[in-house]
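Input: a single structure, listed below in structure tokens.
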Amino acid sequence: MSKAASSSELIVTSFRLPFVTTRRDNGTIGRTESRDEWARSLAHVVTESQGQWVGWAGSVLQRGQPIPGPDPEDTSPTAALTSQQVQPVYLGQVDKEQAYGGCCKSSLWPLLHSMADRATFDEDDWSTYRKVNNTFAEATLTALRESLKKDADSTPLIWIHDYHLMEVPDIVRRKAKEENLRCKIGFFMHVPFPPWDMIKIHPWKDIFLQGILGSDLVSFQCEDYLLNFIDCCERGLGTRVDRGLRIVEHDAGGRNVKIRSMPLGVPFARFETMAASAPKSSLIRDDVATILGIDSVDFTKGLNHKLKAFEKLLEKYHIHRGAVSLVQICLPTRTEEGQQLRETLETMVHNINSKYGTSTWTPVHLVSRPLSDLDLAGLYRDADIALITPLRDGMNLSAKEFVSCRIQGDKPGVLILSPFVGAADLMQEALIVNPYEVNKVADYLHNSLTMSEAEAEVRMISLRGREKIHDLNFWMRSFLREMDNLVDTDGELSACLDTIKFEDFDEMLNKYLGVPGWEKLCLLLDYDGTLAPHGSHPDLTILPKQTKEVLERLSEMPEVFVSIITGRSIPDIKTKVSIKNITYAGNHGIDIVHPDGSKFMIPMPAEVEEKARWLLQHLQQECCVSGAWVENKGVVLAFHHEAWKERDSIDPELKERTLSRARQLMTDAGFRIGMSDGGLVTEAKPPVQWNKGNAAIYILRSAFGVNWSDRLRIIYAGDDLTDEDAMQALKGMAYSFRVVNSGLVQTVADHRLPNTQGIETMLKWVENYVLQNRKKAK
């Protein structure tokens, strides 16, 4: 087994397979090796671990067609990857175009590269992206099941790649948990990850952030991207993080996700070998210095800025006219935007060459033909300067490939690098220049062309020494080592956040409560899943003793107002809580009872009670199967199907038929349909426009009058969709907490808490805060 291999079977999931399927002239389907070095090398590790690779099969293959084997003369790393080790994903043309061309390239790619003005957001494209992610997740789960069939006691490693598949980790984790499939999940982001001010623009950011957090280990190209991601999780999801340990909390129960920086390297030795045997390129002239650029034709690469900088060099520094040329290699592009950019570049090149060129010297060579790896190695070896100046790039391996090929001691070469690429963090011996500063880039080009050989040699020796160590194998070993070290000898995470502590609420609430002038602190709290952990039956959802005690103390404080807003009926919730000095709101706020005994109930159409009786009878007769039952809460009925959450507890088709019938009966009776308890309860609500949000506003207004907003501080806490109505209604006026109950929760809450113990700790913090304020007031 290679040094980079893991002791566990490796399952790699990427959008594309490590080879490309093509149709030959004779009509048969063959495969050619990927140009991605990381994919070629990782294919070798998959082969040696007897693992599998999940990826798109290509447009030439239709569903059911087998993956072709390698050509007999193919000796590449991917040739060893047998057809049996490939789990193909088949995509229809529409799905591929909407998910990849639409969502990925038109929406995510610009945003992740901090170019929000170029991003477009289409709901259909996003829906297809999610559909495609489900398809990849199912293929990954198939590979996982096959792996565990071979060794049921093993823990396969699943390594998911890049922004095309950000929801796959969470889908795989949830379904693997349902089926009790052992695995560890890693995710590597090849592209940049921008700051929160970019990510918050995306309409569905919480879904892909949580999707990535389905992993055990998430890795990025550099520290900046890592810290941006942690910040986005804290600010966008309201989840706890530890920047020191590089950990983000996620999931019910506070699962910890390790976040790491793992710069991608190149196969240093392979490029060094190619450079030693590569022929001299016809693009290189002995009497003219060569500045080399290698980029895909994409707006993120700053190609027009590069051409302007080169033109500025010729304008400012006349000594270089006739003595230097820019050779710009344009890697293939199929996008319409890429074609338009190419036309713009061709026009710019024509203008520069017309203005400065002579009969014996062409300033700029724009090369669009495909070049072999050997041809590229020769260019890297013989060019005088590599000008790598994207406006934003995840890593940019061209810089590393250039360094790997500098084998001529008397011609060390100079690397000019943008600070906005992942590689810049560790390649500080390069000349780092902002590509937006065209004049400055021209100055750096002049400095490079006139740099002493001694300085160039020192810089290049240092660069080469680091890249030789931190090569592609080092990257793979680092990732696999981190995956193997996820748990210590006791089976616990090697580094994790503590259970939520009293002090954690200092940062959350001090700023909100620190605003002067308020008179009363209002606590609006849900019951099931918020104050009390869910039981297997509503009767078994019991308020913990310590939580009740702190609520009793808070309810006696003149500075504090307490209300419980729940889906339970008023008699039920009063029995469960049994505290006098608080306001109870039952049936999601339809019924409200104040401490003085005054009551409020939303006016109901006369026929509601009769229809509720009819609905109760039919739900009991037609839908109460396999442990499901109906709770009668007066004008609200709750169809409980918690018993179905366990795998194989009910036939899937019967489950769907029964749920559909229950929803149809509710609709026929004229009731609104709602979901609570994480989707385990389907509720029939009377046809009135009223929810917990309306109830919360009514409670505050009836208790404190119309102009209450400046005089109150409000904390709302809940755990399901019915609470989102209140959080949304109070947005900007309250600080809200949501107790999460699954790995993929969308919420407007300011912060997430993993369990009801977090709510208890928050209430104790509030009690202490009020007591401390009393002391200060004295």
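Chain identifiers are assigned as A, B, and so on, following the order in which chains appear in the structure tokens; residues are numbered from 1 within each chain, and ligands are numbered from 1 in order of appearance.
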
Q: Within 8 Å of Gly236 of chain A, counting only C-alpha atoms, which residues show up once you throw out same-chain ones fewer than 2 positions away? Write them as a PyMOL selection string, please.
A: chain A and resi 196+200+205-206+231-234+238

Q | Residues within 12 Å of His537 of chain A, only C-alpha atoms, excluding chain neighbours under 5 positions, as an NGL selection string | A | :A and (528 or 542 or 627-631 or 640-643 or 677 or 680-681)

Q) Quick one: DSSP helix (DSSP H, G or I) residues in segment 539-618 of chain A, as a PyMOL selection string? A) chain A and resi 539-540+545-555+570-577+587-589+608-618

Could the residues in this selection be written to a file with C-alpha atoms, as a PDB file, in the first residue's frame?
```pdb
ATOM      1  CA  ASP A 539     -47.621  12.275  28.494  1.00  0.00           C
ATOM      2  CA  LEU A 540     -43.964  11.296  28.979  1.00  0.00           C
ATOM      3  CA  LYS A 545     -36.918  19.483  38.032  1.00  0.00           C
ATOM      4  CA  GLN A 546     -34.103  22.059  37.735  1.00  0.00           C
ATOM      5  CA  THR A 547     -35.754  23.749  34.755  1.00  0.00           C
ATOM      6  CA  LYS A 548     -39.013  24.061  36.675  1.00  0.00           C
ATOM      7  CA  GLU A 549     -37.228  25.482  39.695  1.00  0.00           C
ATOM      8  CA  VAL A 550     -35.441  28.210  37.723  1.00  0.00           C
ATOM      9  CA  LEU A 551     -38.723  29.060  35.918  1.00  0.00           C
ATOM     10  CA  GLU A 552     -40.466  29.413  39.274  1.00  0.00           C
ATOM     11  CA  ARG A 553     -37.753  31.770  40.528  1.00  0.00           C
ATOM     12  CA  LEU A 554     -37.866  33.816  37.315  1.00  0.00           C
ATOM     13  CA  SER A 555     -41.657  34.088  37.448  1.00  0.00           C
ATOM     14  CA  ILE A 570     -54.363  24.970  28.083  1.00  0.00           C
ATOM     15  CA  PRO A 571     -55.450  22.382  30.702  1.00  0.00           C
ATOM     16  CA  ASP A 572     -52.662  20.041  29.591  1.00  0.00           C
ATOM     17  CA  ILE A 573     -49.841  22.618  29.669  1.00  0.00           C
ATOM     18  CA  LYS A 574     -50.984  24.085  33.018  1.00  0.00           C
ATOM     19  CA  THR A 575     -50.883  20.609  34.497  1.00  0.00           C
ATOM     20  CA  LYS A 576     -47.458  19.898  33.006  1.00  0.00           C
ATOM     21  CA  VAL A 577     -45.836  23.164  34.173  1.00  0.00           C
ATOM     22  CA  ASN A 587     -52.972  25.348  20.711  1.00  0.00           C
ATOM     23  CA  HIS A 588     -50.140  27.454  19.212  1.00  0.00           C
ATOM     24  CA  GLY A 589     -51.614  30.603  20.727  1.00  0.00           C
ATOM     25  CA  VAL A 608     -65.382  24.402  13.316  1.00  0.00           C
ATOM     26  CA  GLU A 609     -66.221  22.253  16.350  1.00  0.00           C
ATOM     27  CA  GLU A 610     -68.565  20.055  14.322  1.00  0.00           C
ATOM     28  CA  LYS A 611     -65.954  19.619  11.578  1.00  0.00           C
ATOM     29  CA  ALA A 612     -63.314  18.845  14.201  1.00  0.00           C
ATOM     30  CA  ARG A 613     -65.483  16.017  15.565  1.00  0.00           C
ATOM     31  CA  TRP A 614     -65.968  14.639  12.023  1.00  0.00           C
ATOM     32  CA  LEU A 615     -62.235  14.845  11.319  1.00  0.00           C
ATOM     33  CA  LEU A 616     -61.325  13.155  14.613  1.00  0.00           C
ATOM     34  CA  GLN A 617     -63.593  10.226  13.842  1.00  0.00           C
ATOM     35  CA  HIS A 618     -62.257   9.701  10.302  1.00  0.00           C
TER      36      HIS A 618
END
```

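Those residues that approach Ser398 of chain A to within 10 Å, counting only C-alpha atoms, are Val266, Gly293, Ile294, Asp295, Leu376, Tyr380, Ala386, Leu387, Ile388, Val403, Ser404 and Ala423 of chain A; same-chain residues fewer than 5 positions away are not listed.
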
Q) Pick the closest to Thr358 of chain A from A:Leu227, A:Ala323, A:Val257, A:Leu525: which is it, counting only C-alpha atoms? A) A:Ala323

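Between Ile759 of chain A and the candidates A:Val414, A:Leu712, A:Ile500, A:Leu637, the tightest atom-to-atom separation, counting only C-alpha atoms, involves A:Ile500.
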
Q. Running DSSP on the backbone, which parts of segment 14-125 of chain A land in strand (DSSP E or B), as a PyMOL selection string?
A. chain A and resi 14-16+19-23+29-33+52-56+86-89

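Of the residues under consideration (A:Arg16, A:Lys301, A:Arg738, A:Arg182), A:Lys301 shows the shortest atom-to-atom contact distance to Arg392 of chain A when counting only C-alpha atoms.
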
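Using only C-alpha atoms, the shortest contact distance between Thr747 of chain A and any of A:Ile284, A:Leu513, A:Ile207, A:Val89 is found at A:Ile207.
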
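Minimum distance to Gln728 of chain A across A:Gly693, A:Pro203, A:Pro363, A:Pro70 (counting only C-alpha atoms) occurs at A:Gly693.
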
Q: Fewer than 2 positions away in the same chain doesn't count, so skip those; otherwise give me all residues within 12 Å of Glu437 of chain A, counting only C-alpha atoms, as a list in words.
A: Gly302, His305, Lys306, Lys308, Ala309, Lys312, Thr389, Leu391, Ser418, Pro419, Ile432, Val433, Asn434, Pro435, Asn439, Lys440, Val441, Ala442, Asp443 and Tyr444 of chain A

Residues as selected, all heavy atoms, written as a compact mmCIF listing (two decimals), in the first residue's frame, can you do that?
```txt
# COMPACT_ATOMS: atom_id res chain seq x y z
N GLY A 302 -8.60 37.16 -14.10
CA GLY A 302 -8.01 38.49 -14.27
C GLY A 302 -7.15 38.61 -15.52
O GLY A 302 -6.15 39.35 -15.53
N HIS A 305 -6.81 42.15 -16.85
CA HIS A 305 -5.91 42.93 -16.00
C HIS A 305 -4.45 42.60 -16.32
O HIS A 305 -3.58 43.47 -16.34
CB HIS A 305 -6.17 42.63 -14.52
CG HIS A 305 -7.52 43.05 -14.03
ND1 HIS A 305 -8.68 42.41 -14.41
CD2 HIS A 305 -7.89 44.05 -13.18
CE1 HIS A 305 -9.71 42.99 -13.82
NE2 HIS A 305 -9.26 43.99 -13.08
N LYS A 306 -4.19 41.32 -16.58
CA LYS A 306 -2.83 40.88 -16.88
C LYS A 306 -2.33 41.52 -18.18
O LYS A 306 -1.19 42.00 -18.25
CB LYS A 306 -2.80 39.35 -16.99
CG LYS A 306 -1.41 38.78 -17.22
CD LYS A 306 -1.43 37.27 -17.44
CE LYS A 306 -1.85 36.52 -16.21
NZ LYS A 306 -1.66 35.05 -16.36
N LYS A 308 -3.40 44.30 -19.51
CA LYS A 308 -3.21 45.73 -19.27
C LYS A 308 -1.89 45.99 -18.55
O LYS A 308 -1.18 46.96 -18.84
CB LYS A 308 -4.37 46.28 -18.45
CG LYS A 308 -5.68 46.38 -19.21
CD LYS A 308 -6.82 46.85 -18.30
CE LYS A 308 -8.14 46.87 -19.04
NZ LYS A 308 -9.26 47.26 -18.14
N ALA A 309 -1.55 45.11 -17.61
CA ALA A 309 -0.29 45.27 -16.86
C ALA A 309 0.90 45.09 -17.79
O ALA A 309 1.90 45.83 -17.70
CB ALA A 309 -0.24 44.27 -15.72
N LYS A 312 1.23 48.11 -19.84
CA LYS A 312 1.78 49.19 -19.03
C LYS A 312 3.30 49.02 -18.86
O LYS A 312 4.04 50.03 -18.84
CB LYS A 312 1.09 49.20 -17.66
CG LYS A 312 1.50 50.35 -16.74
CD LYS A 312 1.15 51.71 -17.33
CE LYS A 312 -0.34 51.95 -17.37
NZ LYS A 312 -0.67 53.34 -17.82
N THR A 389 -1.67 35.70 -11.69
CA THR A 389 -2.35 36.81 -11.00
C THR A 389 -3.87 36.77 -11.13
O THR A 389 -4.49 37.74 -11.60
CB THR A 389 -1.82 38.15 -11.53
OG1 THR A 389 -1.89 38.16 -12.97
CG2 THR A 389 -0.39 38.39 -11.08
N LEU A 391 -7.77 37.12 -10.02
CA LEU A 391 -8.46 37.99 -9.09
C LEU A 391 -8.91 37.21 -7.86
O LEU A 391 -9.04 37.76 -6.76
CB LEU A 391 -9.68 38.62 -9.77
CG LEU A 391 -9.40 39.38 -11.07
CD1 LEU A 391 -10.69 39.94 -11.64
CD2 LEU A 391 -8.37 40.48 -10.85
N SER A 418 -0.52 36.45 -7.27
CA SER A 418 -1.60 37.24 -6.67
C SER A 418 -1.79 36.83 -5.21
O SER A 418 -1.72 35.64 -4.88
CB SER A 418 -2.91 36.99 -7.43
OG SER A 418 -4.02 37.44 -6.68
N PRO A 419 -2.06 37.78 -4.32
CA PRO A 419 -2.34 37.41 -2.93
C PRO A 419 -3.71 36.77 -2.74
O PRO A 419 -4.02 36.27 -1.66
CB PRO A 419 -2.28 38.76 -2.19
CG PRO A 419 -2.68 39.76 -3.21
CD PRO A 419 -2.13 39.24 -4.52
N ILE A 432 4.60 38.96 -4.42
CA ILE A 432 3.15 39.00 -4.23
C ILE A 432 2.64 40.39 -4.60
O ILE A 432 3.07 41.39 -4.03
CB ILE A 432 2.77 38.69 -2.76
CG1 ILE A 432 3.47 37.40 -2.28
CG2 ILE A 432 1.27 38.59 -2.61
CD1 ILE A 432 3.03 36.15 -2.97
N VAL A 433 1.71 40.44 -5.57
CA VAL A 433 1.22 41.73 -6.04
C VAL A 433 -0.28 41.66 -6.31
O VAL A 433 -0.80 40.66 -6.81
CB VAL A 433 1.99 42.16 -7.32
CG1 VAL A 433 1.77 41.17 -8.46
CG2 VAL A 433 1.59 43.57 -7.74
N ASN A 434 -0.95 42.74 -5.99
CA ASN A 434 -2.39 42.85 -6.19
C ASN A 434 -2.69 43.00 -7.68
O ASN A 434 -2.27 43.99 -8.30
CB ASN A 434 -2.90 44.08 -5.43
CG ASN A 434 -4.40 44.21 -5.46
OD1 ASN A 434 -5.09 43.67 -6.33
ND2 ASN A 434 -4.94 44.96 -4.51
N PRO A 435 -3.42 42.06 -8.29
CA PRO A 435 -3.67 42.13 -9.74
C PRO A 435 -4.53 43.32 -10.15
O PRO A 435 -4.51 43.73 -11.32
CB PRO A 435 -4.40 40.82 -10.04
CG PRO A 435 -5.00 40.41 -8.74
CD PRO A 435 -4.05 40.87 -7.68
N ASN A 439 -0.59 49.20 -12.52
CA ASN A 439 0.72 49.87 -12.54
C ASN A 439 1.73 49.11 -11.68
O ASN A 439 2.90 48.98 -12.06
CB ASN A 439 0.59 51.30 -12.02
CG ASN A 439 0.25 52.28 -13.13
OD1 ASN A 439 1.02 52.47 -14.06
ND2 ASN A 439 -0.92 52.89 -13.02
N LYS A 440 1.27 48.63 -10.54
CA LYS A 440 2.17 47.92 -9.64
C LYS A 440 2.60 46.58 -10.24
O LYS A 440 3.75 46.16 -10.08
CB LYS A 440 1.51 47.71 -8.29
CG LYS A 440 2.47 47.39 -7.17
CD LYS A 440 1.77 47.50 -5.82
CE LYS A 440 2.77 47.33 -4.69
NZ LYS A 440 2.13 47.49 -3.37
N VAL A 441 1.69 45.91 -10.92
CA VAL A 441 2.06 44.65 -11.58
C VAL A 441 3.14 44.92 -12.63
O VAL A 441 4.10 44.15 -12.76
CB VAL A 441 0.82 43.98 -12.22
CG1 VAL A 441 1.24 42.71 -12.98
CG2 VAL A 441 -0.21 43.62 -11.15
N ALA A 442 2.98 46.01 -13.37
CA ALA A 442 4.00 46.38 -14.36
C ALA A 442 5.35 46.62 -13.69
O ALA A 442 6.41 46.18 -14.19
CB ALA A 442 3.56 47.63 -15.11
N ASP A 443 5.34 47.28 -12.53
CA ASP A 443 6.59 47.50 -11.79
C ASP A 443 7.21 46.19 -11.34
O ASP A 443 8.43 46.00 -11.41
CB ASP A 443 6.32 48.38 -10.57
CG ASP A 443 5.89 49.80 -10.94
OD1 ASP A 443 6.17 50.21 -12.09
OD2 ASP A 443 5.27 50.48 -10.09
N TYR A 444 6.37 45.25 -10.89
CA TYR A 444 6.88 43.95 -10.43
C TYR A 444 7.46 43.16 -11.61
O TYR A 444 8.45 42.44 -11.45
CB TYR A 444 5.77 43.15 -9.75
CG TYR A 444 5.66 43.43 -8.26
CD1 TYR A 444 5.52 44.74 -7.80
CD2 TYR A 444 5.66 42.41 -7.33
CE1 TYR A 444 5.42 45.01 -6.45
CE2 TYR A 444 5.57 42.66 -5.97
CZ TYR A 444 5.44 43.97 -5.54
OH TYR A 444 5.33 44.23 -4.19
```

Q.
From the options A:Ala703, A:Met427, A:Val515, A:Leu331, which residue's atoms come nearest to Leu303 of chain A, counting only C-alpha atoms?
A. A:Leu331

Q.
For Thr344 of chain A, find every residue with an atom within 9 Å (counting only C-alpha atoms), except residues of its own chain fewer than 5 positions away, and show them as a PyMOL selection string.
A. chain A and resi 304+339+349

Selection from above, N, CA, C and O atoms, as a compact mmCIF listing (two decimals), in the first residue's frame, can you write it?
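This is the output file result_28.txt:
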```txt
# COMPACT_ATOMS: atom_id res chain seq x y z
N ASN A 304 -7.74 40.07 -18.43
CA ASN A 304 -7.69 41.41 -19.01
C ASN A 304 -6.80 42.34 -18.18
O ASN A 304 -6.09 43.19 -18.71
N GLN A 339 -16.28 32.09 -24.10
CA GLN A 339 -16.08 32.44 -25.50
C GLN A 339 -16.08 33.96 -25.68
O GLN A 339 -15.28 34.52 -26.44
N VAL A 349 -5.16 41.69 -27.36
CA VAL A 349 -3.85 41.23 -27.85
C VAL A 349 -3.54 41.87 -29.20
O VAL A 349 -2.42 42.33 -29.46
```

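Around segment 661-668 of chain A, within 7 Å and counting only C-alpha atoms, the residues found are Leu615, Leu619, Cys623 and Ala684 of chain A, once anything fewer than 6 positions away on its own chain is removed.
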
Q. Any idea what's packed within 8 Å of Val218 of chain A, counting only C-alpha atoms, ignoring anything in its chain fewer than 2 positions away? Could you give it as a PyMOL selection string?
A. chain A and resi 186-189+212-213+215-216+220+257-260

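Counting from atom CA of Pro412 of chain A, the distance to atom CA of Met460 of chain A is 6.1 Å.
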